[in-house]
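S.K.: Dropping in data.pdb, which is PDB, C-alpha atoms and all ligand atoms:
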ATOM      1  CA  MET A   1      39.216 -13.123 -14.616
ATOM      2  CA  THR A   2      38.969 -16.722 -15.736
ATOM      3  CA  ALA A   3      39.491 -17.706 -19.320
ATOM      4  CA  ALA A   4      36.741 -19.749 -20.940
ATOM      5  CA  PRO A   5      37.754 -23.366 -20.288
ATOM      6  CA  TYR A   6      36.753 -24.672 -23.723
ATOM      7  CA  ALA A   7      38.347 -23.671 -26.997
ATOM      8  CA  ASP A   8      35.965 -22.016 -29.446
ATOM      9  CA  ALA A   9      36.313 -21.248 -33.105
ATOM     10  CA  ASN A  10      34.747 -17.849 -32.395
ATOM     11  CA  THR A  11      35.794 -15.057 -30.055
ATOM     12  CA  GLY A  12      32.231 -13.750 -29.952
ATOM     13  CA  TYR A  13      33.179 -10.643 -31.942
ATOM     14  CA  GLU A  14      32.966 -11.895 -35.500
ATOM     15  CA  PRO A  15      30.170  -9.854 -37.081
ATOM     16  CA  ILE A  16      27.318 -11.879 -38.510
ATOM     17  CA  ASP A  17      26.720 -11.513 -42.226
ATOM     18  CA  ASP A  18      23.751  -9.917 -43.966
ATOM     19  CA  THR A  19      22.413 -13.305 -45.050
ATOM     20  CA  ALA A  20      22.105 -14.450 -41.439
ATOM     21  CA  ARG A  21      20.550 -11.133 -40.380
ATOM     22  CA  LYS A  22      18.037 -11.286 -43.253
ATOM     23  CA  GLU A  23      17.133 -14.890 -42.511
ATOM     24  CA  PHE A  24      16.583 -14.077 -38.848
ATOM     25  CA  GLU A  25      14.473 -11.086 -39.759
ATOM     26  CA  THR A  26      12.252 -13.067 -42.131
ATOM     27  CA  GLN A  27      12.111 -16.449 -40.351
ATOM     28  CA  GLY A  28      12.299 -15.292 -36.721
ATOM     29  CA  PHE A  29      14.939 -17.874 -35.847
ATOM     30  CA  LEU A  30      18.247 -19.380 -36.945
ATOM     31  CA  LEU A  31      19.616 -22.855 -36.415
ATOM     32  CA  LEU A  32      23.267 -22.618 -35.342
ATOM     33  CA  ARG A  33      25.206 -25.812 -35.882
ATOM     34  CA  ASN A  34      28.079 -27.039 -33.682
ATOM     35  CA  VAL A  35      28.261 -24.127 -31.255
ATOM     36  CA  LEU A  36      29.586 -26.418 -28.513
ATOM     37  CA  THR A  37      32.549 -28.741 -28.794
ATOM     38  CA  GLU A  38      31.791 -32.262 -27.621
ATOM     39  CA  ASP A  39      33.899 -31.743 -24.459
ATOM     40  CA  HIS A  40      32.063 -28.521 -23.676
ATOM     41  CA  ARG A  41      28.660 -30.109 -24.297
ATOM     42  CA  ALA A  42      29.529 -33.098 -22.117
ATOM     43  CA  ALA A  43      30.716 -30.833 -19.284
ATOM     44  CA  LEU A  44      27.489 -28.817 -19.491
ATOM     45  CA  GLU A  45      25.476 -32.024 -19.397
ATOM     46  CA  GLU A  46      27.367 -33.167 -16.306
ATOM     47  CA  ALA A  47      26.628 -29.839 -14.584
ATOM     48  CA  MET A  48      22.963 -30.144 -15.637
ATOM     49  CA  ASP A  49      22.736 -33.653 -14.237
ATOM     50  CA  ARG A  50      24.140 -32.416 -10.924
ATOM     51  CA  VAL A  51      21.631 -29.566 -10.761
ATOM     52  CA  TYR A  52      18.830 -31.955 -11.740
ATOM     53  CA  ALA A  53      19.787 -34.252  -8.845
ATOM     54  CA  GLU A  54      19.997 -31.305  -6.425
ATOM     55  CA  GLU A  55      16.556 -30.136  -7.486
ATOM     56  CA  GLY A  56      15.255 -33.686  -7.055
ATOM     57  CA  GLU A  57      16.457 -33.587  -3.427
ATOM     58  CA  ARG A  58      14.628 -30.294  -2.986
ATOM     59  CA  GLY A  59      11.465 -31.777  -4.447
ATOM     60  CA  THR A  60      11.115 -29.323  -7.324
ATOM     61  CA  HIS A  61      10.730 -31.879 -10.125
ATOM     62  CA  LYS A  62       7.236 -32.206 -11.543
ATOM     63  CA  PRO A  63       5.566 -35.583 -10.904
ATOM     64  CA  ASP A  64       6.724 -36.835 -14.331
ATOM     65  CA  GLY A  65      10.333 -35.899 -13.522
ATOM     66  CA  THR A  66      10.354 -32.753 -15.655
ATOM     67  CA  LEU A  67      12.501 -29.850 -14.461
ATOM     68  CA  HIS A  68      12.065 -26.285 -15.729
ATOM     69  CA  LEU A  69      14.536 -24.292 -13.634
ATOM     70  CA  LEU A  70      14.542 -20.521 -14.018
ATOM     71  CA  GLY A  71      17.614 -18.340 -13.421
ATOM     72  CA  PHE A  72      19.948 -21.351 -13.608
ATOM     73  CA  LEU A  73      23.096 -19.548 -14.793
ATOM     74  CA  THR A  74      24.452 -18.966 -11.301
ATOM     75  CA  ARG A  75      24.356 -22.676 -10.496
ATOM     76  CA  ASP A  76      27.743 -23.435 -12.068
ATOM     77  CA  PRO A  77      30.738 -21.385 -13.286
ATOM     78  CA  LEU A  78      30.420 -23.213 -16.592
ATOM     79  CA  PHE A  79      26.893 -21.873 -17.025
ATOM     80  CA  GLY A  80      28.217 -18.353 -16.366
ATOM     81  CA  GLN A  81      30.590 -18.753 -19.298
ATOM     82  CA  LEU A  82      27.572 -19.116 -21.590
ATOM     83  CA  LEU A  83      26.705 -15.437 -21.004
ATOM     84  CA  ASP A  84      28.974 -14.436 -23.902
ATOM     85  CA  HIS A  85      29.768 -17.792 -25.480
ATOM     86  CA  GLY A  86      31.621 -16.911 -28.703
ATOM     87  CA  PRO A  87      29.699 -18.825 -31.385
ATOM     88  CA  THR A  88      26.328 -17.587 -30.088
ATOM     89  CA  PHE A  89      27.128 -14.184 -28.551
ATOM     90  CA  ARG A  90      28.027 -12.736 -31.950
ATOM     91  CA  TYR A  91      24.369 -13.207 -32.896
ATOM     92  CA  ILE A  92      23.167 -11.446 -29.745
ATOM     93  CA  TRP A  93      24.949  -8.156 -30.323
ATOM     94  CA  GLY A  94      24.651  -8.648 -34.073
ATOM     95  CA  LEU A  95      20.857  -8.797 -33.832
ATOM     96  CA  ALA A  96      20.106  -6.751 -30.699
ATOM     97  CA  GLY A  97      23.092  -4.518 -30.029
ATOM     98  CA  TRP A  98      25.288  -3.903 -26.987
ATOM     99  CA  ASN A  99      22.823  -2.640 -24.380
ATOM    100  CA  VAL A 100      21.686  -6.110 -23.314
ATOM    101  CA  TYR A 101      21.668  -8.524 -20.387
ATOM    102  CA  THR A 102      19.996 -11.815 -19.501
ATOM    103  CA  HIS A 103      16.594 -11.216 -17.934
ATOM    104  CA  HIS A 104      15.525 -14.830 -18.222
ATOM    105  CA  ASN A 105      17.246 -18.184 -18.562
ATOM    106  CA  HIS A 106      16.181 -21.745 -17.900
ATOM    107  CA  LEU A 107      17.488 -25.274 -17.619
ATOM    108  CA  ASP A 108      15.117 -27.925 -18.915
ATOM    109  CA  VAL A 109      15.180 -31.661 -18.394
ATOM    110  CA  THR A 110      12.270 -33.592 -19.872
ATOM    111  CA  PRO A 111      12.334 -37.358 -19.313
ATOM    112  CA  PRO A 112      10.265 -39.561 -21.625
ATOM    113  CA  GLN A 113       6.668 -38.545 -21.020
ATOM    114  CA  GLY A 114       4.698 -40.887 -23.223
ATOM    115  CA  PRO A 115       1.683 -39.684 -25.161
ATOM    116  CA  GLU A 116      -0.281 -36.805 -23.714
ATOM    117  CA  THR A 117      -2.962 -37.911 -21.243
ATOM    118  CA  GLY A 118      -5.932 -35.965 -19.935
ATOM    119  CA  LYS A 119      -6.948 -32.685 -21.494
ATOM    120  CA  PRO A 120      -4.072 -31.612 -23.771
ATOM    121  CA  ILE A 121      -2.580 -28.195 -23.114
ATOM    122  CA  TRP A 122      -2.323 -25.888 -26.123
ATOM    123  CA  GLY A 123       1.196 -24.557 -25.650
ATOM    124  CA  TRP A 124       1.622 -22.121 -28.536
ATOM    125  CA  HIS A 125       2.720 -18.673 -27.432
ATOM    126  CA  GLN A 126       4.952 -15.683 -28.001
ATOM    127  CA  ASP A 127       7.331 -14.856 -25.162
ATOM    128  CA  GLY A 128       7.175 -11.592 -23.250
ATOM    129  CA  TYR A 129       3.754 -11.730 -21.543
ATOM    130  CA  ARG A 130       2.428  -8.135 -21.485
ATOM    131  CA  GLN A 131       4.921  -7.147 -24.170
ATOM    132  CA  ASN A 132       2.266  -8.635 -26.438
ATOM    133  CA  SER A 133      -0.431  -6.331 -25.094
ATOM    134  CA  ASP A 134       0.928  -3.148 -23.545
ATOM    135  CA  PRO A 135       2.902  -1.605 -26.420
ATOM    136  CA  GLU A 136       0.892   0.337 -28.932
ATOM    137  CA  VAL A 137       2.305   0.569 -32.471
ATOM    138  CA  ASN A 138       1.016   3.626 -34.337
ATOM    139  CA  GLY A 139      -2.508   2.788 -33.150
ATOM    140  CA  GLN A 140      -2.591  -0.184 -35.519
ATOM    141  CA  PRO A 141      -3.149  -3.486 -33.700
ATOM    142  CA  GLU A 142      -1.992  -5.570 -36.653
ATOM    143  CA  LEU A 143       1.471  -3.995 -36.831
ATOM    144  CA  PRO A 144       4.165  -6.186 -35.250
ATOM    145  CA  ARG A 145       5.373  -5.013 -31.852
ATOM    146  CA  PRO A 146       9.096  -4.643 -31.187
ATOM    147  CA  MET A 147      11.229  -7.731 -30.694
ATOM    148  CA  PHE A 148      12.472  -6.630 -27.243
ATOM    149  CA  SER A 149      14.188  -9.962 -26.536
ATOM    150  CA  LEU A 150      15.695 -13.024 -28.136
ATOM    151  CA  LYS A 151      16.780 -16.357 -26.799
ATOM    152  CA  ILE A 152      19.499 -18.917 -27.417
ATOM    153  CA  ALA A 153      18.452 -22.541 -26.972
ATOM    154  CA  TYR A 154      21.387 -24.934 -26.516
ATOM    155  CA  VAL A 155      20.689 -28.523 -27.513
ATOM    156  CA  ILE A 156      22.451 -30.767 -24.983
ATOM    157  CA  SER A 157      20.781 -34.130 -25.651
ATOM    158  CA  ASP A 158      20.269 -35.726 -29.053
ATOM    159  CA  LEU A 159      17.245 -34.130 -30.730
ATOM    160  CA  ALA A 160      18.074 -35.324 -34.229
ATOM    161  CA  GLU A 161      14.999 -37.570 -34.312
ATOM    162  CA  THR A 162      11.463 -36.237 -34.124
ATOM    163  CA  ASN A 163       9.153 -36.758 -31.139
ATOM    164  CA  ARG A 164      11.877 -36.163 -28.567
ATOM    165  CA  GLY A 165      10.138 -33.093 -27.161
ATOM    166  CA  ALA A 166      11.845 -30.552 -29.423
ATOM    167  CA  THR A 167      10.602 -26.989 -29.727
ATOM    168  CA  LEU A 168       7.999 -26.365 -32.428
ATOM    169  CA  VAL A 169       7.973 -23.072 -34.322
ATOM    170  CA  VAL A 170       6.104 -21.520 -37.219
ATOM    171  CA  PRO A 171       8.783 -19.810 -39.335
ATOM    172  CA  GLY A 172       7.935 -16.205 -40.107
ATOM    173  CA  SER A 173       5.146 -16.034 -37.505
ATOM    174  CA  HIS A 174       7.008 -13.442 -35.406
ATOM    175  CA  LEU A 175       5.524 -10.700 -37.558
ATOM    176  CA  SER A 176       1.964 -11.723 -36.658
ATOM    177  CA  ASN A 177       0.344 -10.588 -33.441
ATOM    178  CA  SER A 178      -2.241 -13.358 -33.593
ATOM    179  CA  PHE A 179      -2.151 -17.082 -34.242
ATOM    180  CA  ALA A 180      -4.928 -19.364 -35.426
ATOM    181  CA  ARG A 181      -5.960 -22.060 -32.989
ATOM    182  CA  PRO A 182      -7.860 -25.156 -34.130
ATOM    183  CA  GLN A 183     -11.608 -24.816 -33.714
ATOM    184  CA  GLY A 184     -13.160 -26.706 -30.819
ATOM    185  CA  GLU A 185     -11.289 -29.119 -28.568
ATOM    186  CA  TRP A 186      -7.624 -29.608 -29.523
ATOM    187  CA  ASP A 187      -6.610 -33.286 -29.890
ATOM    188  CA  GLY A 188      -3.084 -32.752 -28.508
ATOM    189  CA  VAL A 189      -1.494 -34.014 -31.733
ATOM    190  CA  THR A 190      -2.525 -31.826 -34.657
ATOM    191  CA  ARG A 191       0.030 -29.139 -35.365
ATOM    192  CA  PRO A 192      -0.705 -25.708 -36.805
ATOM    193  CA  GLU A 193      -0.089 -25.196 -40.497
ATOM    194  CA  GLY A 194       3.550 -24.462 -41.203
ATOM    195  CA  ALA A 195       4.770 -25.831 -37.852
ATOM    196  CA  LEU A 196       8.358 -27.026 -37.845
ATOM    197  CA  GLU A 197       9.938 -29.244 -35.203
ATOM    198  CA  ILE A 198      13.486 -28.019 -34.548
ATOM    199  CA  THR A 199      15.385 -31.273 -34.697
ATOM    200  CA  ALA A 200      19.092 -30.755 -33.985
ATOM    201  CA  ASN A 201      22.238 -32.516 -32.909
ATOM    202  CA  PRO A 202      23.782 -32.307 -29.457
ATOM    203  CA  GLY A 203      26.017 -29.220 -29.460
ATOM    204  CA  ASP A 204      23.771 -27.263 -31.847
ATOM    205  CA  ALA A 205      21.685 -24.275 -30.798
ATOM    206  CA  PHE A 206      18.963 -22.104 -32.194
ATOM    207  CA  ILE A 207      18.289 -18.442 -31.622
ATOM    208  CA  PHE A 208      14.774 -17.051 -31.792
ATOM    209  CA  ASP A 209      12.930 -13.760 -31.714
ATOM    210  CA  ARG A 210      10.606 -13.751 -28.680
ATOM    211  CA  ARG A 211       7.671 -12.937 -30.976
ATOM    212  CA  LEU A 212       8.068 -16.202 -32.911
ATOM    213  CA  TRP A 213       5.049 -18.394 -32.180
ATOM    214  CA  HIS A 214       6.411 -21.547 -30.560
ATOM    215  CA  SER A 215       5.488 -24.454 -28.348
ATOM    216  CA  ARG A 216       7.026 -27.265 -26.395
ATOM    217  CA  SER A 217       6.198 -30.715 -27.657
ATOM    218  CA  GLN A 218       5.612 -33.979 -25.883
ATOM    219  CA  ASN A 219       8.647 -36.236 -25.445
ATOM    220  CA  VAL A 220       7.254 -39.567 -26.581
ATOM    221  CA  SER A 221      10.712 -41.109 -27.188
ATOM    222  CA  ASP A 222      12.868 -43.004 -24.726
ATOM    223  CA  VAL A 223      15.553 -40.264 -24.653
ATOM    224  CA  THR A 224      15.597 -37.596 -21.925
ATOM    225  CA  ARG A 225      15.533 -34.155 -23.488
ATOM    226  CA  LYS A 226      18.077 -31.683 -22.091
ATOM    227  CA  MET A 227      18.168 -28.022 -23.099
ATOM    228  CA  LEU A 228      19.639 -24.766 -21.797
ATOM    229  CA  PHE A 229      17.901 -21.500 -22.713
ATOM    230  CA  VAL A 230      19.528 -18.078 -22.323
ATOM    231  CA  GLY A 231      17.310 -15.076 -23.009
ATOM    232  CA  TYR A 232      18.677 -11.578 -23.645
ATOM    233  CA  THR A 233      16.886  -8.267 -23.494
ATOM    234  CA  TYR A 234      17.624  -4.569 -23.114
ATOM    235  CA  ARG A 235      19.016  -3.253 -19.859
ATOM    236  CA  TRP A 236      15.991  -1.007 -19.482
ATOM    237  CA  ILE A 237      13.628  -3.974 -19.241
ATOM    238  CA  ARG A 238      13.236  -5.621 -15.843
ATOM    239  CA  PRO A 239      14.409  -9.166 -15.083
ATOM    240  CA  LEU A 240      11.934 -12.004 -15.324
ATOM    241  CA  ASP A 241      13.777 -14.531 -13.168
ATOM    242  CA  ASP A 242      15.181 -14.453  -9.730
ATOM    243  CA  MET A 243      18.875 -15.092 -10.384
ATOM    244  CA  PRO A 244      20.495 -14.422  -7.026
ATOM    245  CA  TYR A 245      24.244 -13.905  -6.709
ATOM    246  CA  GLU A 246      26.560 -11.820  -4.548
ATOM    247  CA  GLU A 247      28.871  -9.465  -6.406
ATOM    248  CA  SER A 248      31.551 -10.477  -3.878
ATOM    249  CA  GLY A 249      30.812 -14.179  -4.428
ATOM    250  CA  GLU A 250      32.873 -16.700  -6.332
ATOM    251  CA  TRP A 251      30.475 -17.031  -9.294
ATOM    252  CA  PHE A 252      30.351 -13.287 -10.056
ATOM    253  CA  GLN A 253      34.044 -12.770  -9.346
ATOM    254  CA  GLY A 254      34.851 -15.409 -11.973
ATOM    255  CA  LEU A 255      33.140 -13.354 -14.686
ATOM    256  CA  THR A 256      34.752 -10.969 -17.175
ATOM    257  CA  PRO A 257      33.421  -7.367 -17.396
ATOM    258  CA  VAL A 258      31.306  -8.317 -20.431
ATOM    259  CA  GLN A 259      29.869 -11.309 -18.601
ATOM    260  CA  ARG A 260      29.105  -9.089 -15.598
ATOM    261  CA  GLN A 261      27.085  -6.776 -17.795
ATOM    262  CA  ILE A 262      25.209  -9.735 -19.272
ATOM    263  CA  ALA A 263      24.620 -11.186 -15.801
ATOM    264  CA  GLY A 264      22.684  -7.996 -15.101
ATOM    265  CA  ALA A 265      25.109  -6.139 -12.845
ATOM    266  CA  SER A 266      23.091  -3.179 -11.585
ATOM    267  CA  PRO A 267      19.645  -4.147 -12.884
ATOM    268  CA  SER A 268      18.106  -1.239 -10.966
ATOM    269  CA  THR A 269      19.179   1.385 -13.476
ATOM    270  CA  ALA A 270      20.096   1.523 -17.133
ATOM    271  CA  ASN A 271      22.427   4.398 -16.331
ATOM    272  CA  ARG A 272      25.069   2.761 -14.178
ATOM    273  CA  TRP A 273      27.606   3.401 -16.892
ATOM    274  CA  GLY A 274      25.958   6.574 -18.128
ATOM    275  CA  ILE A 275      23.575   6.929 -21.059
ATOM    276  CA  ASN A 276      22.157  10.451 -21.029
ATOM    277  CA  TRP A 277      19.374  12.491 -22.627
ATOM    278  CA  ASN A 278      21.932  14.514 -24.544
ATOM    279  CA  GLY A 279      23.230  11.499 -26.424
ATOM    280  CA  TYR A 280      26.193  10.889 -24.137
ATOM    281  CA  ILE A 281      27.051   7.194 -23.863
ATOM    282  CA  ASP A 282      29.714   5.969 -21.491
ATOM    283  CA  ASP A 283      32.344   4.100 -23.469
ATOM    284  CA  GLU A 284      32.960   1.885 -20.446
ATOM    285  CA  ILE A 285      29.766  -0.128 -20.948
ATOM    286  CA  PRO A 286      31.554  -3.460 -21.377
ATOM    287  CA  VAL A 287      29.931  -4.881 -24.507
ATOM    288  CA  ARG A 288      29.981  -1.479 -26.205
ATOM    289  CA  LYS A 289      33.634  -1.072 -25.249
ATOM    290  CA  GLU A 290      34.516  -4.419 -26.829
ATOM    291  CA  LEU A 291      32.659  -3.541 -30.028
ATOM    292  CA  LYS A 292      34.135  -0.062 -30.235
ATOM    293  CA  THR A 293      37.681  -1.288 -29.647
ATOM    294  CA  ARG A 294      37.227  -3.708 -32.518
ATOM    295  CA  GLY A 295      35.645  -1.135 -34.840
ATOM    296  CA  LEU A 296      32.319  -2.966 -34.823
ATOM    297  CA  LEU A 297      29.967  -0.071 -34.037
ATOM    298  CA  ASP A 298      28.300  -0.013 -37.430
ATOM    299  CA  ARG A 299      26.454   3.292 -37.796
ATOM    300  CA  SER A 300      24.168   1.922 -40.476
ATOM    301  CA  ILE A 301      22.492  -0.288 -37.845
ATOM    302  CA  PRO A 302      20.726   1.790 -35.146
ATOM    303  CA  TYR A 303      21.353  -0.648 -32.290
ATOM    304  CA  LEU A 304      25.036  -0.789 -33.189
ATOM    305  CA  ARG A 305      25.587   2.959 -32.956
TER
HETATM  306  O1  LIG B 401      11.008 -25.900 -24.079
HETATM  307  C1  LIG B 401      10.650 -25.486 -25.191
HETATM  308  O2  LIG B 401      10.755 -26.168 -26.196
HETATM  309  C2  LIG B 401      10.050 -24.139 -25.350
HETATM  310  C3  LIG B 401      10.435 -23.260 -24.278
HETATM  311  C4  LIG B 401       9.899 -21.904 -24.448
HETATM  312  O3  LIG B 401       8.740 -21.674 -24.622
HETATM  313  C5  LIG B 401      10.830 -20.791 -24.414
HETATM  314  O4  LIG B 401      12.032 -21.034 -24.291
HETATM  315  O5  LIG B 401      10.401 -19.641 -24.494
HETATM  316 FE    FE B 402       8.442 -19.511 -24.859
END
Any chance you could put this one into structure tokens?

M.R.:
Amino acid sequence: MTAAPYADANTGYEPIDDTARKEFETQGFLLLRNVLTEDHRAALEEAMDRVYAEEGERGTHKPDGTLHLLGFLTRDPLFGQLLDHGPTFRYIWGLAGWNVYTHHNHLDVTPPQGPETGKPIWGWHQDGYRQNSDPEVNGQPELPRPMFSLKIAYVISDLAETNRGATLVVPGSHLSNSFARPQGEWDGVTRPEGALEITANPGDAFIFDRRLWHSRSQNVSDVTRKMLFVGYTYRWIRPLDDMPYEESGEWFQGLTPVQRQIAGASPSTANRWGINWNGYIDDEIPVRKELKTRGLLDRSIPYLR
């Protein structure tokens, strides 16, 4: 077991307060300031730059130099440590419970792109693909579907100024199954009513409900945008990315039991540690074990039982 190489103010097991939970529930996202120390952020950026160069050699950059790399966590031990990074992980179990893993994660590098050319692409969406169509909610199409997943977005480059390609969101839109699109041809510039550009400092992060309507934006600055996204969902939902690793390999062996759960150890069954029809739950499920040991299984919150 390797200890996390960077000191954090949080162990990952400080419960979030009701104000944060309420804000997340009403807004669909939370901005989390200073979740990475400057040393940690710089080390992550260095690892990102290495991966970006490797992917350049492999020819996977888009023609404009953009990289959107899925399942990136196995590409560096430092990325693996993000699986339960203290200042952000407390929000994951605090908002989704202990039965989670990462089904989807991506590394994004967006060099200056200049203004949009050609036919602009309308990028507003909810995450989850068919999760926005398949589930029926009491036969009432307007009722919000379940959250199912949430995502941490780590800000690695400076996004404090606007127009650097930051994520756009409409606060509160996660409770709407539909989203108004401008009539006719979209001009590539006009933003939907209520849209907010998440400007943030390097080392900040934001967490969002996958139902929150969001979009990328064009990086028209001269600063390369660098972001790391780690999505979490329930262990009974299948992975979205190919994130290959050997359990006997160095990357996996460097993980703690909690990190192994979050890495998706045994994605083929939700019952590896035992969760049965009769209510039996194996106390060895690593995240649950940590919460239980610390007295954090709050019975008033269903996903924390
Ligand atoms: O890169 C972005 O700003 C948005 C990415 C996105 O759509 C997502 O993380 O689900
Ligand atoms: Fe998305």

S.K.: Using the chain letters and residue numbers of this document, give as a PyMOL selection string the residues selected by the PyMOL selection byres (((not hetatm)) within 6 of (chain B and resi 401)).

M.R.: chain A and resi 127+166-167+215-216

S.K.: Have a look at A:Leu159, A:Glu23, A:Gly80, A:Gly128 and name the one nearest to Gly254 in chain A; count only C-alpha atoms.

M.R.: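 For Gly254 in chain A, the nearest of the given residues is A:Gly80.
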
S.K.: Between CA of Thr26 in chain A and CA of Asp8 in chain A, measure the distance and give it in Å to one decimal.

M.R.: 28.3 Å

S.K.: Measuring atom to atom with only C-alpha atoms, identify which of A:Glu55, A:Asp39, A:Asp209, A:Asp108 is nearest to His68 in chain A.

M.R.: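 Using only C-alpha atoms, His68 in chain A sits closest to A:Asp108.
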
S.K.: Set the distance at 12 Å and use all atoms listed in the file: which residues neighbour Arg21 in chain A once local chain neighbours fewer than 4 positions away are removed? I'd like the list as a compact mmCIF listing (two decimals) with C-alpha atoms, in the coordinates of the input.

M.R.:
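Output below, filename part31.txt:
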# COMPACT_ATOMS: atom_id res chain seq x y z
CA PRO A 15 30.17 -9.85 -37.08
CA ILE A 16 27.32 -11.88 -38.51
CA ASP A 17 26.72 -11.51 -42.23
CA GLU A 25 14.47 -11.09 -39.76
CA THR A 26 12.25 -13.07 -42.13
CA GLN A 27 12.11 -16.45 -40.35
CA GLY A 28 12.30 -15.29 -36.72
CA PHE A 29 14.94 -17.87 -35.85
CA LEU A 30 18.25 -19.38 -36.94
CA ARG A 90 28.03 -12.74 -31.95
CA TYR A 91 24.37 -13.21 -32.90
CA ILE A 92 23.17 -11.45 -29.74
CA TRP A 93 24.95 -8.16 -30.32
CA GLY A 94 24.65 -8.65 -34.07
CA LEU A 95 20.86 -8.80 -33.83
CA ALA A 96 20.11 -6.75 -30.70
CA ILE A 207 18.29 -18.44 -31.62
CA PHE A 208 14.77 -17.05 -31.79
CA ASP A 209 12.93 -13.76 -31.71
CA ILE A 301 22.49 -0.29 -37.84
